[in-house]
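S.K.: Let me give you the structure first, and then I'll get to my questions.
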Amino acid sequence: MNIRLILIPSLLLLICSAGCITAPPAAEDPLQPLDYSLSENWAYLPNASEEKPVDVFYLYPTLFKTLYVDSMNTSDPELRNGAVTDVLMKKGIFEETANIYAPFYRQTGLYSMLGNGTWTKDQYIAEKRAYEDVKAAFLYYLENYNEGKPVILAGHSQGSYRIKQLMIDLFVDPDLQDKLIAAYPIGYTLSEFELAQYPQLKAAVGETDTGVIITYNTQAENTSGSNIIAFPGAVGINPLNWKTDTTYANASENDGAVFFANNGSIEKEIPNFTGAYLAEVDGAVVLLVDTPDPAEYSMPELFAEGVYHVYDYYFFYENLKENVADRTAAYFAQMSAA
């Protein structure tokens with residue numbers, strides 16, 4: 001089985017043929033957020049009959065590569081399917097603990113995300129549109145779905161970037177800070193500079209601290225190029241031993257990696273998949289893993305060999321699932337003791 005095919009719907013970039021991405025439909029106002037009172041603007045909503053006392057608000061990663069169109073058309077069937085499939089792949093981490101809310105949002109494409117030092121007017125508008133969708137979806141969720149429940153925030157890649165924007169913008173509110181169990185914006189940089197500038201951003205330092213941010217960027221020990229998502233100043237935490245220093249966690253501490261077929265169903269599960277440790281590479285703290293074969297798990301059409309960005313969740317799937325439950329239990333224990 002070619003492991004490169006397993007995760008295509010949830011890649012940072014889904015490479016499309018010419019014409020795959022089109023302009024937003026005429027009914028969609030490019031200057032206004034999507035209408036989140038409409039269920040079709042949500043990639044995933046929970047089953048009310050299985051309601052849990054906690055919610056997770058999740059944002060999918062970048063689903064397309066384009067130099068010509070800077071906003072995702074949320075009516076495009078292929079992109080909608082990619083977003084839904086990504087949620088299906090991630091939901092096993094959260095669904096035993098939380099109700100999952102995942103909005104469609106008009107994310108920016110590769111060109112707008114990476115930029116070239118200067119943005120065109122269209123790129124700026126696309127960037128603003130992407131965040132305004134996310135903000136509108138979160139505010140609608142709070143007003144209409146939350147009903148006072150504590151919240152977990154989560155995302156991957158561009159989704160993680162948007163989660164960080166949301167926290168910088170809205171989580172200055174002490175009430176929202178109090179509602180936050182934890183945030184998992186995995187696969188994007190959380191920098192020392194941002195932690196110093198925005199007091200509402202707090203990096204996790206252990207296994208069960210709450211109101212904190214859990215993130216890391218995964219790569220092989222001898223990666224041939226830099227991890228393009230880990231910028232200088234990036235901090236991180238090891239999802240196997242929940243330490244922020246260089247302490248090595250061996251593969252016996254890895255409860256299981258999980259890999260998926262293109263329809264979102266589990267393809268295989270591998271316990272004790274890899275060990276991991278944090279190290280500074282090119283000025284950024286990254287998570288180095290020692291078992292995966294770069295030739296099997298790298299995607300050279302997207303990243304340098306040994307950059308495992310698309311596997312940030314999947315290599316540590318069972319550990320993340322357990323951690324979501326543990327942090328949630330710690331949150332409720334703190335509330336009971338208060």
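Labels for the structure tokens follow display order: chains A, B, ..., residues from 1 in each chain, ligands from 1.
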Listing only residues of segment 300-320 of chain A within 12 Å of segment 94-110 of chain A, what is the closest atom pair and its distance in Å (to one decimal) for each, using only C-alpha atoms, sorted by chain and residue number ascending, as a Markdown table?
M.R.:
```
| residue | atom | partner | partner_atom | distance |
| --- | --- | --- | --- | --- |
| A:Leu302 | CA | A:Leu110 | CA | 11.0 |
| A:Tyr313 | CA | A:Phe94 | CA | 11.9 |
| A:Tyr317 | CA | A:Phe94 | CA | 10.4 |
| A:Glu318 | CA | A:Phe94 | CA | 10.5 |
| A:Asn319 | CA | A:Phe94 | CA | 11.6 |
| A:Leu320 | CA | A:Phe94 | CA | 8.7 |
```
S.K.: Out of segment 78-223 of chain A, which residues get alpha helix (DSSP H) from DSSP, as a PDB file with N, CA, C and O atoms, in the first residue's frame?
M.R.:
```
ATOM      1  N   GLU A  78     -15.430  18.941  -4.714  1.00  0.00           N
ATOM      2  CA  GLU A  78     -14.181  18.275  -4.359  1.00  0.00           C
ATOM      3  C   GLU A  78     -13.589  18.866  -3.079  1.00  0.00           C
ATOM      4  O   GLU A  78     -13.117  18.143  -2.203  1.00  0.00           O
ATOM      5  N   LEU A  79     -13.630  20.183  -2.970  1.00  0.00           N
ATOM      6  CA  LEU A  79     -13.092  20.832  -1.788  1.00  0.00           C
ATOM      7  C   LEU A  79     -13.977  20.578  -0.566  1.00  0.00           C
ATOM      8  O   LEU A  79     -13.475  20.374   0.544  1.00  0.00           O
ATOM      9  N   ARG A  80     -15.284  20.595  -0.757  1.00  0.00           N
ATOM     10  CA  ARG A  80     -16.191  20.262   0.358  1.00  0.00           C
ATOM     11  C   ARG A  80     -15.917  18.850   0.861  1.00  0.00           C
ATOM     12  O   ARG A  80     -15.844  18.610   2.065  1.00  0.00           O
ATOM     13  N   ASN A  81     -15.761  17.919  -0.075  1.00  0.00           N
ATOM     14  CA  ASN A  81     -15.485  16.542   0.320  1.00  0.00           C
ATOM     15  C   ASN A  81     -14.150  16.443   1.046  1.00  0.00           C
ATOM     16  O   ASN A  81     -14.022  15.698   2.036  1.00  0.00           O
ATOM     17  N   GLY A  82     -13.151  17.194   0.586  1.00  0.00           N
ATOM     18  CA  GLY A  82     -11.862  17.186   1.271  1.00  0.00           C
ATOM     19  C   GLY A  82     -11.960  17.680   2.696  1.00  0.00           C
ATOM     20  O   GLY A  82     -11.345  17.130   3.607  1.00  0.00           O
ATOM     21  N   ALA A  83     -12.757  18.728   2.905  1.00  0.00           N
ATOM     22  CA  ALA A  83     -12.931  19.271   4.253  1.00  0.00           C
ATOM     23  C   ALA A  83     -13.648  18.268   5.157  1.00  0.00           C
ATOM     24  O   ALA A  83     -13.229  18.025   6.299  1.00  0.00           O
ATOM     25  N   VAL A  84     -14.720  17.684   4.652  1.00  0.00           N
ATOM     26  CA  VAL A  84     -15.472  16.712   5.456  1.00  0.00           C
ATOM     27  C   VAL A  84     -14.608  15.504   5.774  1.00  0.00           C
ATOM     28  O   VAL A  84     -14.588  15.004   6.912  1.00  0.00           O
ATOM     29  N   THR A  85     -13.858  15.016   4.787  1.00  0.00           N
ATOM     30  CA  THR A  85     -13.005  13.849   5.009  1.00  0.00           C
ATOM     31  C   THR A  85     -11.936  14.140   6.046  1.00  0.00           C
ATOM     32  O   THR A  85     -11.620  13.293   6.895  1.00  0.00           O
ATOM     33  N   ASP A  86     -11.368  15.340   6.004  1.00  0.00           N
ATOM     34  CA  ASP A  86     -10.378  15.705   7.021  1.00  0.00           C
ATOM     35  C   ASP A  86     -10.985  15.655   8.418  1.00  0.00           C
ATOM     36  O   ASP A  86     -10.354  15.143   9.354  1.00  0.00           O
ATOM     37  N   VAL A  87     -12.207  16.161   8.575  1.00  0.00           N
ATOM     38  CA  VAL A  87     -12.862  16.106   9.882  1.00  0.00           C
ATOM     39  C   VAL A  87     -13.082  14.652  10.306  1.00  0.00           C
ATOM     40  O   VAL A  87     -12.863  14.291  11.468  1.00  0.00           O
ATOM     41  N   LEU A  88     -13.493  13.795   9.371  1.00  0.00           N
ATOM     42  CA  LEU A  88     -13.708  12.387   9.702  1.00  0.00           C
ATOM     43  C   LEU A  88     -12.420  11.728  10.173  1.00  0.00           C
ATOM     44  O   LEU A  88     -12.436  10.862  11.052  1.00  0.00           O
ATOM     45  N   MET A  89     -11.297  12.132   9.613  1.00  0.00           N
ATOM     46  CA  MET A  89     -10.002  11.579  10.023  1.00  0.00           C
ATOM     47  C   MET A  89      -9.601  12.055  11.414  1.00  0.00           C
ATOM     48  O   MET A  89      -8.969  11.316  12.166  1.00  0.00           O
ATOM     49  N   LYS A  90      -9.949  13.268  11.757  1.00  0.00           N
ATOM     50  CA  LYS A  90      -9.537  13.817  13.050  1.00  0.00           C
ATOM     51  C   LYS A  90     -10.540  13.530  14.164  1.00  0.00           C
ATOM     52  O   LYS A  90     -10.189  13.575  15.345  1.00  0.00           O
ATOM     53  N   LYS A  91     -11.785  13.246  13.822  1.00  0.00           N
ATOM     54  CA  LYS A  91     -12.833  13.236  14.842  1.00  0.00           C
ATOM     55  C   LYS A  91     -12.646  12.154  15.893  1.00  0.00           C
ATOM     56  O   LYS A  91     -13.089  12.319  17.030  1.00  0.00           O
ATOM     57  N   GLY A  92     -11.945  11.072  15.562  1.00  0.00           N
ATOM     58  CA  GLY A  92     -11.712  10.022  16.546  1.00  0.00           C
ATOM     59  C   GLY A  92     -10.914  10.498  17.747  1.00  0.00           C
ATOM     60  O   GLY A  92     -10.998   9.899  18.827  1.00  0.00           O
ATOM     61  N   ILE A  93     -10.154  11.548  17.576  1.00  0.00           N
ATOM     62  CA  ILE A  93      -9.383  12.106  18.688  1.00  0.00           C
ATOM     63  C   ILE A  93     -10.300  12.792  19.689  1.00  0.00           C
ATOM     64  O   ILE A  93     -10.042  12.792  20.892  1.00  0.00           O
ATOM     65  N   PHE A  94     -11.403  13.359  19.199  1.00  0.00           N
ATOM     66  CA  PHE A  94     -12.247  14.220  20.027  1.00  0.00           C
ATOM     67  C   PHE A  94     -13.613  13.636  20.380  1.00  0.00           C
ATOM     68  O   PHE A  94     -14.195  14.021  21.397  1.00  0.00           O
ATOM     69  N   LEU A 110      -2.458  28.569  -1.368  1.00  0.00           N
ATOM     70  CA  LEU A 110      -1.029  28.547  -1.060  1.00  0.00           C
ATOM     71  C   LEU A 110      -0.379  29.905  -1.273  1.00  0.00           C
ATOM     72  O   LEU A 110       0.378  30.387  -0.439  1.00  0.00           O
ATOM     73  N   TYR A 111      -0.675  30.539  -2.396  1.00  0.00           N
ATOM     74  CA  TYR A 111      -0.011  31.796  -2.739  1.00  0.00           C
ATOM     75  C   TYR A 111      -0.280  32.868  -1.690  1.00  0.00           C
ATOM     76  O   TYR A 111       0.624  33.591  -1.274  1.00  0.00           O
ATOM     77  N   SER A 112      -1.536  32.957  -1.262  1.00  0.00           N
ATOM     78  CA  SER A 112      -1.865  33.970  -0.263  1.00  0.00           C
ATOM     79  C   SER A 112      -1.269  33.633   1.095  1.00  0.00           C
ATOM     80  O   SER A 112      -0.859  34.514   1.847  1.00  0.00           O
ATOM     81  N   MET A 113      -1.235  32.328   1.440  1.00  0.00           N
ATOM     82  CA  MET A 113      -0.701  31.941   2.745  1.00  0.00           C
ATOM     83  C   MET A 113       0.794  32.228   2.853  1.00  0.00           C
ATOM     84  O   MET A 113       1.278  32.764   3.840  1.00  0.00           O
ATOM     85  N   LEU A 114       1.537  31.862   1.810  1.00  0.00           N
ATOM     86  CA  LEU A 114       2.986  32.014   1.874  1.00  0.00           C
ATOM     87  C   LEU A 114       3.424  33.419   1.486  1.00  0.00           C
ATOM     88  O   LEU A 114       4.345  33.973   2.068  1.00  0.00           O
ATOM     89  N   LYS A 121      -3.863  43.577  -3.449  1.00  0.00           N
ATOM     90  CA  LYS A 121      -5.152  43.899  -2.837  1.00  0.00           C
ATOM     91  C   LYS A 121      -6.025  42.656  -2.756  1.00  0.00           C
ATOM     92  O   LYS A 121      -6.682  42.408  -1.735  1.00  0.00           O
ATOM     93  N   ASP A 122      -6.033  41.835  -3.822  1.00  0.00           N
ATOM     94  CA  ASP A 122      -6.861  40.629  -3.824  1.00  0.00           C
ATOM     95  C   ASP A 122      -6.419  39.646  -2.750  1.00  0.00           C
ATOM     96  O   ASP A 122      -7.242  38.991  -2.109  1.00  0.00           O
ATOM     97  N   GLN A 123      -5.108  39.522  -2.553  1.00  0.00           N
ATOM     98  CA  GLN A 123      -4.607  38.632  -1.497  1.00  0.00           C
ATOM     99  C   GLN A 123      -5.037  39.129  -0.125  1.00  0.00           C
ATOM    100  O   GLN A 123      -5.414  38.348   0.743  1.00  0.00           O
ATOM    101  N   TYR A 124      -4.945  40.424   0.087  1.00  0.00           N
ATOM    102  CA  TYR A 124      -5.349  40.994   1.369  1.00  0.00           C
ATOM    103  C   TYR A 124      -6.823  40.728   1.638  1.00  0.00           C
ATOM    104  O   TYR A 124      -7.209  40.341   2.745  1.00  0.00           O
ATOM    105  N   ILE A 125      -7.651  40.933   0.604  1.00  0.00           N
ATOM    106  CA  ILE A 125      -9.083  40.682   0.758  1.00  0.00           C
ATOM    107  C   ILE A 125      -9.335  39.209   1.063  1.00  0.00           C
ATOM    108  O   ILE A 125     -10.156  38.866   1.920  1.00  0.00           O
ATOM    109  N   ALA A 126      -8.613  38.330   0.366  1.00  0.00           N
ATOM    110  CA  ALA A 126      -8.785  36.896   0.596  1.00  0.00           C
ATOM    111  C   ALA A 126      -8.402  36.517   2.015  1.00  0.00           C
ATOM    112  O   ALA A 126      -9.087  35.718   2.670  1.00  0.00           O
ATOM    113  N   GLU A 127      -7.317  37.079   2.504  1.00  0.00           N
ATOM    114  CA  GLU A 127      -6.884  36.791   3.875  1.00  0.00           C
ATOM    115  C   GLU A 127      -7.922  37.283   4.876  1.00  0.00           C
ATOM    116  O   GLU A 127      -8.274  36.579   5.835  1.00  0.00           O
ATOM    117  N   LYS A 128      -8.434  38.493   4.664  1.00  0.00           N
ATOM    118  CA  LYS A 128      -9.452  39.036   5.556  1.00  0.00           C
ATOM    119  C   LYS A 128     -10.713  38.178   5.511  1.00  0.00           C
ATOM    120  O   LYS A 128     -11.327  37.887   6.544  1.00  0.00           O
ATOM    121  N   ARG A 129     -11.102  37.743   4.309  1.00  0.00           N
ATOM    122  CA  ARG A 129     -12.308  36.936   4.148  1.00  0.00           C
ATOM    123  C   ARG A 129     -12.174  35.621   4.918  1.00  0.00           C
ATOM    124  O   ARG A 129     -13.117  35.182   5.579  1.00  0.00           O
ATOM    125  N   ALA A 130     -11.026  34.981   4.828  1.00  0.00           N
ATOM    126  CA  ALA A 130     -10.839  33.695   5.497  1.00  0.00           C
ATOM    127  C   ALA A 130     -11.032  33.840   7.005  1.00  0.00           C
ATOM    128  O   ALA A 130     -11.761  33.049   7.628  1.00  0.00           O
ATOM    129  N   TYR A 131     -10.386  34.844   7.593  1.00  0.00           N
ATOM    130  CA  TYR A 131     -10.544  34.996   9.038  1.00  0.00           C
ATOM    131  C   TYR A 131     -11.942  35.447   9.422  1.00  0.00           C
ATOM    132  O   TYR A 131     -12.493  34.997  10.440  1.00  0.00           O
ATOM    133  N   GLU A 132     -12.543  36.324   8.637  1.00  0.00           N
ATOM    134  CA  GLU A 132     -13.897  36.788   8.975  1.00  0.00           C
ATOM    135  C   GLU A 132     -14.892  35.631   8.946  1.00  0.00           C
ATOM    136  O   GLU A 132     -15.832  35.593   9.753  1.00  0.00           O
ATOM    137  N   ASP A 133     -14.708  34.669   8.032  1.00  0.00           N
ATOM    138  CA  ASP A 133     -15.555  33.472   8.052  1.00  0.00           C
ATOM    139  C   ASP A 133     -15.375  32.708   9.357  1.00  0.00           C
ATOM    140  O   ASP A 133     -16.345  32.307  10.011  1.00  0.00           O
ATOM    141  N   VAL A 134     -14.129  32.482   9.735  1.00  0.00           N
ATOM    142  CA  VAL A 134     -13.838  31.739  10.966  1.00  0.00           C
ATOM    143  C   VAL A 134     -14.428  32.445  12.181  1.00  0.00           C
ATOM    144  O   VAL A 134     -15.070  31.820  13.041  1.00  0.00           O
ATOM    145  N   LYS A 135     -14.233  33.748  12.253  1.00  0.00           N
ATOM    146  CA  LYS A 135     -14.757  34.513  13.382  1.00  0.00           C
ATOM    147  C   LYS A 135     -16.278  34.456  13.423  1.00  0.00           C
ATOM    148  O   LYS A 135     -16.881  34.247  14.494  1.00  0.00           O
ATOM    149  N   ALA A 136     -16.911  34.624  12.267  1.00  0.00           N
ATOM    150  CA  ALA A 136     -18.370  34.577  12.218  1.00  0.00           C
ATOM    151  C   ALA A 136     -18.894  33.205  12.627  1.00  0.00           C
ATOM    152  O   ALA A 136     -19.894  33.091  13.345  1.00  0.00           O
ATOM    153  N   ALA A 137     -18.218  32.154  12.184  1.00  0.00           N
ATOM    154  CA  ALA A 137     -18.636  30.798  12.547  1.00  0.00           C
ATOM    155  C   ALA A 137     -18.506  30.571  14.046  1.00  0.00           C
ATOM    156  O   ALA A 137     -19.405  29.994  14.686  1.00  0.00           O
ATOM    157  N   PHE A 138     -17.418  31.036  14.632  1.00  0.00           N
ATOM    158  CA  PHE A 138     -17.216  30.836  16.066  1.00  0.00           C
ATOM    159  C   PHE A 138     -18.235  31.628  16.879  1.00  0.00           C
ATOM    160  O   PHE A 138     -18.794  31.114  17.855  1.00  0.00           O
ATOM    161  N   LEU A 139     -18.501  32.855  16.478  1.00  0.00           N
ATOM    162  CA  LEU A 139     -19.476  33.665  17.204  1.00  0.00           C
ATOM    163  C   LEU A 139     -20.882  33.070  17.060  1.00  0.00           C
ATOM    164  O   LEU A 139     -21.664  33.071  18.026  1.00  0.00           O
ATOM    165  N   TYR A 140     -21.200  32.564  15.878  1.00  0.00           N
ATOM    166  CA  TYR A 140     -22.502  31.918  15.709  1.00  0.00           C
ATOM    167  C   TYR A 140     -22.590  30.668  16.583  1.00  0.00           C
ATOM    168  O   TYR A 140     -23.619  30.419  17.230  1.00  0.00           O
ATOM    169  N   TYR A 141     -21.501  29.899  16.601  1.00  0.00           N
ATOM    170  CA  TYR A 141     -21.456  28.715  17.463  1.00  0.00           C
ATOM    171  C   TYR A 141     -21.694  29.095  18.925  1.00  0.00           C
ATOM    172  O   TYR A 141     -22.508  28.466  19.626  1.00  0.00           O
ATOM    173  N   GLN A 158      -3.191  25.561   8.091  1.00  0.00           N
ATOM    174  CA  GLN A 158      -3.896  26.843   8.010  1.00  0.00           C
ATOM    175  C   GLN A 158      -5.014  26.927   9.045  1.00  0.00           C
ATOM    176  O   GLN A 158      -5.268  27.989   9.608  1.00  0.00           O
ATOM    177  N   GLY A 159      -5.670  25.803   9.309  1.00  0.00           N
ATOM    178  CA  GLY A 159      -6.692  25.799  10.353  1.00  0.00           C
ATOM    179  C   GLY A 159      -6.125  26.209  11.694  1.00  0.00           C
ATOM    180  O   GLY A 159      -6.775  26.921  12.470  1.00  0.00           O
ATOM    181  N   SER A 160      -4.896  25.789  11.981  1.00  0.00           N
ATOM    182  CA  SER A 160      -4.240  26.176  13.233  1.00  0.00           C
ATOM    183  C   SER A 160      -3.897  27.660  13.245  1.00  0.00           C
ATOM    184  O   SER A 160      -4.012  28.331  14.282  1.00  0.00           O
ATOM    185  N   TYR A 161      -3.460  28.157  12.103  1.00  0.00           N
ATOM    186  CA  TYR A 161      -3.200  29.594  11.990  1.00  0.00           C
ATOM    187  C   TYR A 161      -4.461  30.395  12.294  1.00  0.00           C
ATOM    188  O   TYR A 161      -4.428  31.401  13.018  1.00  0.00           O
ATOM    189  N   ARG A 162      -5.599  29.951  11.761  1.00  0.00           N
ATOM    190  CA  ARG A 162      -6.862  30.650  12.017  1.00  0.00           C
ATOM    191  C   ARG A 162      -7.284  30.539  13.485  1.00  0.00           C
ATOM    192  O   ARG A 162      -7.842  31.488  14.046  1.00  0.00           O
ATOM    193  N   ILE A 163      -7.025  29.387  14.101  1.00  0.00           N
ATOM    194  CA  ILE A 163      -7.320  29.252  15.541  1.00  0.00           C
ATOM    195  C   ILE A 163      -6.492  30.252  16.336  1.00  0.00           C
ATOM    196  O   ILE A 163      -6.993  30.910  17.269  1.00  0.00           O
ATOM    197  N   LYS A 164      -5.242  30.399  15.980  1.00  0.00           N
ATOM    198  CA  LYS A 164      -4.381  31.360  16.678  1.00  0.00           C
ATOM    199  C   LYS A 164      -4.898  32.783  16.482  1.00  0.00           C
ATOM    200  O   LYS A 164      -4.936  33.574  17.435  1.00  0.00           O
ATOM    201  N   GLN A 165      -5.316  33.117  15.266  1.00  0.00           N
ATOM    202  CA  GLN A 165      -5.914  34.439  15.028  1.00  0.00           C
ATOM    203  C   GLN A 165      -7.139  34.654  15.915  1.00  0.00           C
ATOM    204  O   GLN A 165      -7.325  35.738  16.479  1.00  0.00           O
ATOM    205  N   LEU A 166      -7.964  33.626  16.011  1.00  0.00           N
ATOM    206  CA  LEU A 166      -9.176  33.707  16.822  1.00  0.00           C
ATOM    207  C   LEU A 166      -8.835  33.971  18.286  1.00  0.00           C
ATOM    208  O   LEU A 166      -9.471  34.798  18.954  1.00  0.00           O
ATOM    209  N   MET A 167      -7.822  33.309  18.783  1.00  0.00           N
ATOM    210  CA  MET A 167      -7.431  33.488  20.179  1.00  0.00           C
ATOM    211  C   MET A 167      -6.849  34.873  20.422  1.00  0.00           C
ATOM    212  O   MET A 167      -7.107  35.499  21.459  1.00  0.00           O
ATOM    213  N   ILE A 168      -6.071  35.378  19.479  1.00  0.00           N
ATOM    214  CA  ILE A 168      -5.514  36.721  19.620  1.00  0.00           C
ATOM    215  C   ILE A 168      -6.626  37.765  19.611  1.00  0.00           C
ATOM    216  O   ILE A 168      -6.623  38.720  20.390  1.00  0.00           O
ATOM    217  N   ASP A 169      -7.610  37.546  18.765  1.00  0.00           N
ATOM    218  CA  ASP A 169      -8.682  38.521  18.573  1.00  0.00           C
ATOM    219  C   ASP A 169      -9.720  38.476  19.695  1.00  0.00           C
ATOM    220  O   ASP A 169     -10.068  39.521  20.280  1.00  0.00           O
ATOM    221  N   LEU A 170     -10.215  37.300  20.027  1.00  0.00           N
ATOM    222  CA  LEU A 170     -11.374  37.177  20.915  1.00  0.00           C
ATOM    223  C   LEU A 170     -11.070  36.732  22.334  1.00  0.00           C
ATOM    224  O   LEU A 170     -11.852  37.019  23.242  1.00  0.00           O
ATOM    225  N   PRO A 174     -12.073  37.542  29.393  1.00  0.00           N
ATOM    226  CA  PRO A 174     -11.845  36.589  30.490  1.00  0.00           C
ATOM    227  C   PRO A 174     -12.857  35.454  30.516  1.00  0.00           C
ATOM    228  O   PRO A 174     -12.525  34.328  30.911  1.00  0.00           O
ATOM    229  N   ASP A 175     -14.094  35.721  30.081  1.00  0.00           N
ATOM    230  CA  ASP A 175     -15.100  34.659  30.076  1.00  0.00           C
ATOM    231  C   ASP A 175     -14.736  33.563  29.080  1.00  0.00           C
ATOM    232  O   ASP A 175     -14.925  32.372  29.361  1.00  0.00           O
ATOM    233  N   LEU A 176     -14.216  33.951  27.919  1.00  0.00           N
ATOM    234  CA  LEU A 176     -13.778  32.942  26.950  1.00  0.00           C
ATOM    235  C   LEU A 176     -12.545  32.206  27.456  1.00  0.00           C
ATOM    236  O   LEU A 176     -12.419  30.987  27.267  1.00  0.00           O
ATOM    237  N   GLN A 177     -11.637  32.914  28.097  1.00  0.00           N
ATOM    238  CA  GLN A 177     -10.477  32.246  28.678  1.00  0.00           C
ATOM    239  C   GLN A 177     -10.915  31.192  29.682  1.00  0.00           C
ATOM    240  O   GLN A 177     -10.369  30.082  29.711  1.00  0.00           O
ATOM    241  N   ASP A 178     -11.907  31.510  30.481  1.00  0.00           N
ATOM    242  CA  ASP A 178     -12.384  30.566  31.492  1.00  0.00           C
ATOM    243  C   ASP A 178     -13.056  29.344  30.861  1.00  0.00           C
ATOM    244  O   ASP A 178     -13.064  28.261  31.459  1.00  0.00           O
ATOM    245  N   LYS A 179     -13.628  29.504  29.665  1.00  0.00           N
ATOM    246  CA  LYS A 179     -14.304  28.402  28.991  1.00  0.00           C
ATOM    247  C   LYS A 179     -13.331  27.455  28.286  1.00  0.00           C
ATOM    248  O   LYS A 179     -13.703  26.342  27.904  1.00  0.00           O
ATOM    249  N   GLU A 192       7.685  32.440  20.597  1.00  0.00           N
ATOM    250  CA  GLU A 192       7.988  33.097  21.870  1.00  0.00           C
ATOM    251  C   GLU A 192       7.560  34.558  21.825  1.00  0.00           C
ATOM    252  O   GLU A 192       7.073  35.109  22.821  1.00  0.00           O
ATOM    253  N   PHE A 193       7.708  35.196  20.678  1.00  0.00           N
ATOM    254  CA  PHE A 193       7.306  36.596  20.522  1.00  0.00           C
ATOM    255  C   PHE A 193       5.803  36.742  20.748  1.00  0.00           C
ATOM    256  O   PHE A 193       5.348  37.660  21.446  1.00  0.00           O
ATOM    257  N   GLU A 194       5.010  35.848  20.156  1.00  0.00           N
ATOM    258  CA  GLU A 194       3.554  35.925  20.306  1.00  0.00           C
ATOM    259  C   GLU A 194       3.138  35.674  21.746  1.00  0.00           C
ATOM    260  O   GLU A 194       2.222  36.328  22.264  1.00  0.00           O
ATOM    261  N   LEU A 195       3.793  34.742  22.402  1.00  0.00           N
ATOM    262  CA  LEU A 195       3.482  34.462  23.805  1.00  0.00           C
ATOM    263  C   LEU A 195       3.742  35.687  24.676  1.00  0.00           C
ATOM    264  O   LEU A 195       2.998  35.960  25.628  1.00  0.00           O
ATOM    265  N   ALA A 196       4.797  36.429  24.344  1.00  0.00           N
ATOM    266  CA  ALA A 196       5.118  37.629  25.106  1.00  0.00           C
ATOM    267  C   ALA A 196       4.168  38.782  24.784  1.00  0.00           C
ATOM    268  O   ALA A 196       3.827  39.588  25.655  1.00  0.00           O
ATOM    269  N   GLN A 197       3.723  38.852  23.542  1.00  0.00           N
ATOM    270  CA  GLN A 197       2.893  39.975  23.102  1.00  0.00           C
ATOM    271  C   GLN A 197       1.426  39.813  23.492  1.00  0.00           C
ATOM    272  O   GLN A 197       0.739  40.797  23.763  1.00  0.00           O
TER     273      GLN A 197
END
```
S.K.: What separation in Å, quoted to one decimal, exists between atom CA of Ser252 of chain A and atom CA of Ala325 of chain A?
M.R.: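 Here the two named atoms are 20.4 Å from each other.
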S.K.: Could you check the closest approach to Thr244 of chain A for each of A:Ala261, A:Leu38, A:Leu278, A:Val151 and tell me which residue wins, using only C-alpha atoms?
M.R.: A:Leu278
S.K.: At a cut-off of 6 Å, using only C-alpha atoms, what residues contact segment 203-212 of chain A? Leave out same-chain residues fewer than 4 positions from it and give the result as a ChimeraX atom specification.
M.R.: /A:180-182,242,327
S.K.: Suppose we keep N, CA, C and O atoms; can you now write the selection as a PDB file, in the first residue's frame?
M.R.:
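File produced: again-v2.pdb:
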```
ATOM      1  N   LEU A 180     -12.093  27.906  28.089  1.00  0.00           N
ATOM      2  CA  LEU A 180     -11.152  27.151  27.262  1.00  0.00           C
ATOM      3  C   LEU A 180     -10.505  26.007  28.041  1.00  0.00           C
ATOM      4  O   LEU A 180      -9.755  26.232  28.992  1.00  0.00           O
ATOM      5  N   ILE A 181     -10.787  24.786  27.622  1.00  0.00           N
ATOM      6  CA  ILE A 181     -10.095  23.623  28.189  1.00  0.00           C
ATOM      7  C   ILE A 181      -8.667  23.602  27.667  1.00  0.00           C
ATOM      8  O   ILE A 181      -7.700  23.518  28.438  1.00  0.00           O
ATOM      9  N   ALA A 182      -8.509  23.684  26.361  1.00  0.00           N
ATOM     10  CA  ALA A 182      -7.191  23.730  25.729  1.00  0.00           C
ATOM     11  C   ALA A 182      -7.383  23.999  24.253  1.00  0.00           C
ATOM     12  O   ALA A 182      -8.476  23.815  23.701  1.00  0.00           O
ATOM     13  N   TRP A 242       4.804  14.749  26.966  1.00  0.00           N
ATOM     14  CA  TRP A 242       4.277  16.041  27.379  1.00  0.00           C
ATOM     15  C   TRP A 242       5.314  16.891  28.105  1.00  0.00           C
ATOM     16  O   TRP A 242       5.038  17.571  29.077  1.00  0.00           O
ATOM     17  N   ARG A 327      -7.053  16.311  29.748  1.00  0.00           N
ATOM     18  CA  ARG A 327      -7.144  17.760  30.007  1.00  0.00           C
ATOM     19  C   ARG A 327      -8.578  18.154  30.342  1.00  0.00           C
ATOM     20  O   ARG A 327      -8.809  19.034  31.175  1.00  0.00           O
TER      21      ARG A 327
END
```
S.K.: Work out how far atom CA of Leu240 of chain A is from atom CA of Pro271 of chain A, in Å to one decimal.
M.R.: 12.4 Å
S.K.: So, with only C-alpha atoms as the atoms that count, which of A:Tyr314, A:Asn217, A:Asn73, A:Ala154 lies closest to Ile266 of chain A?
M.R.: A:Tyr314
S.K.: Go ahead and compute the interatomic distance for atom CA of Tyr297 of chain A and atom CA of Val310 of chain A, in Å to one decimal.
M.R.: 9.3 Å
S.K.: From segment 78-308 of chain A, collect each residue whose DSSP state is strand (DSSP E or B) and return the set as a ChimeraX atom specification.
M.R.: /A:99-103,108,151-156,180-186,191,203,212-213,218-220,234,249,257-260,266-270,276-281,284-289,307
S.K.: Choose the residue, out of A:Tyr216, A:Tyr277, A:Phe315, A:Phe231, that has the smallest atom-to-atom separation from Val258 of chain A; count only C-alpha atoms.
M.R.: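 Of the candidates, the smallest distance to Val258 of chain A is held by A:Phe315.
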S.K.: Rank nothing, just name the residue among A:Lys52, A:His309, A:His156, A:Lys202 nearest to Phe171 of chain A, using only C-alpha atoms.
M.R.: A:Lys202
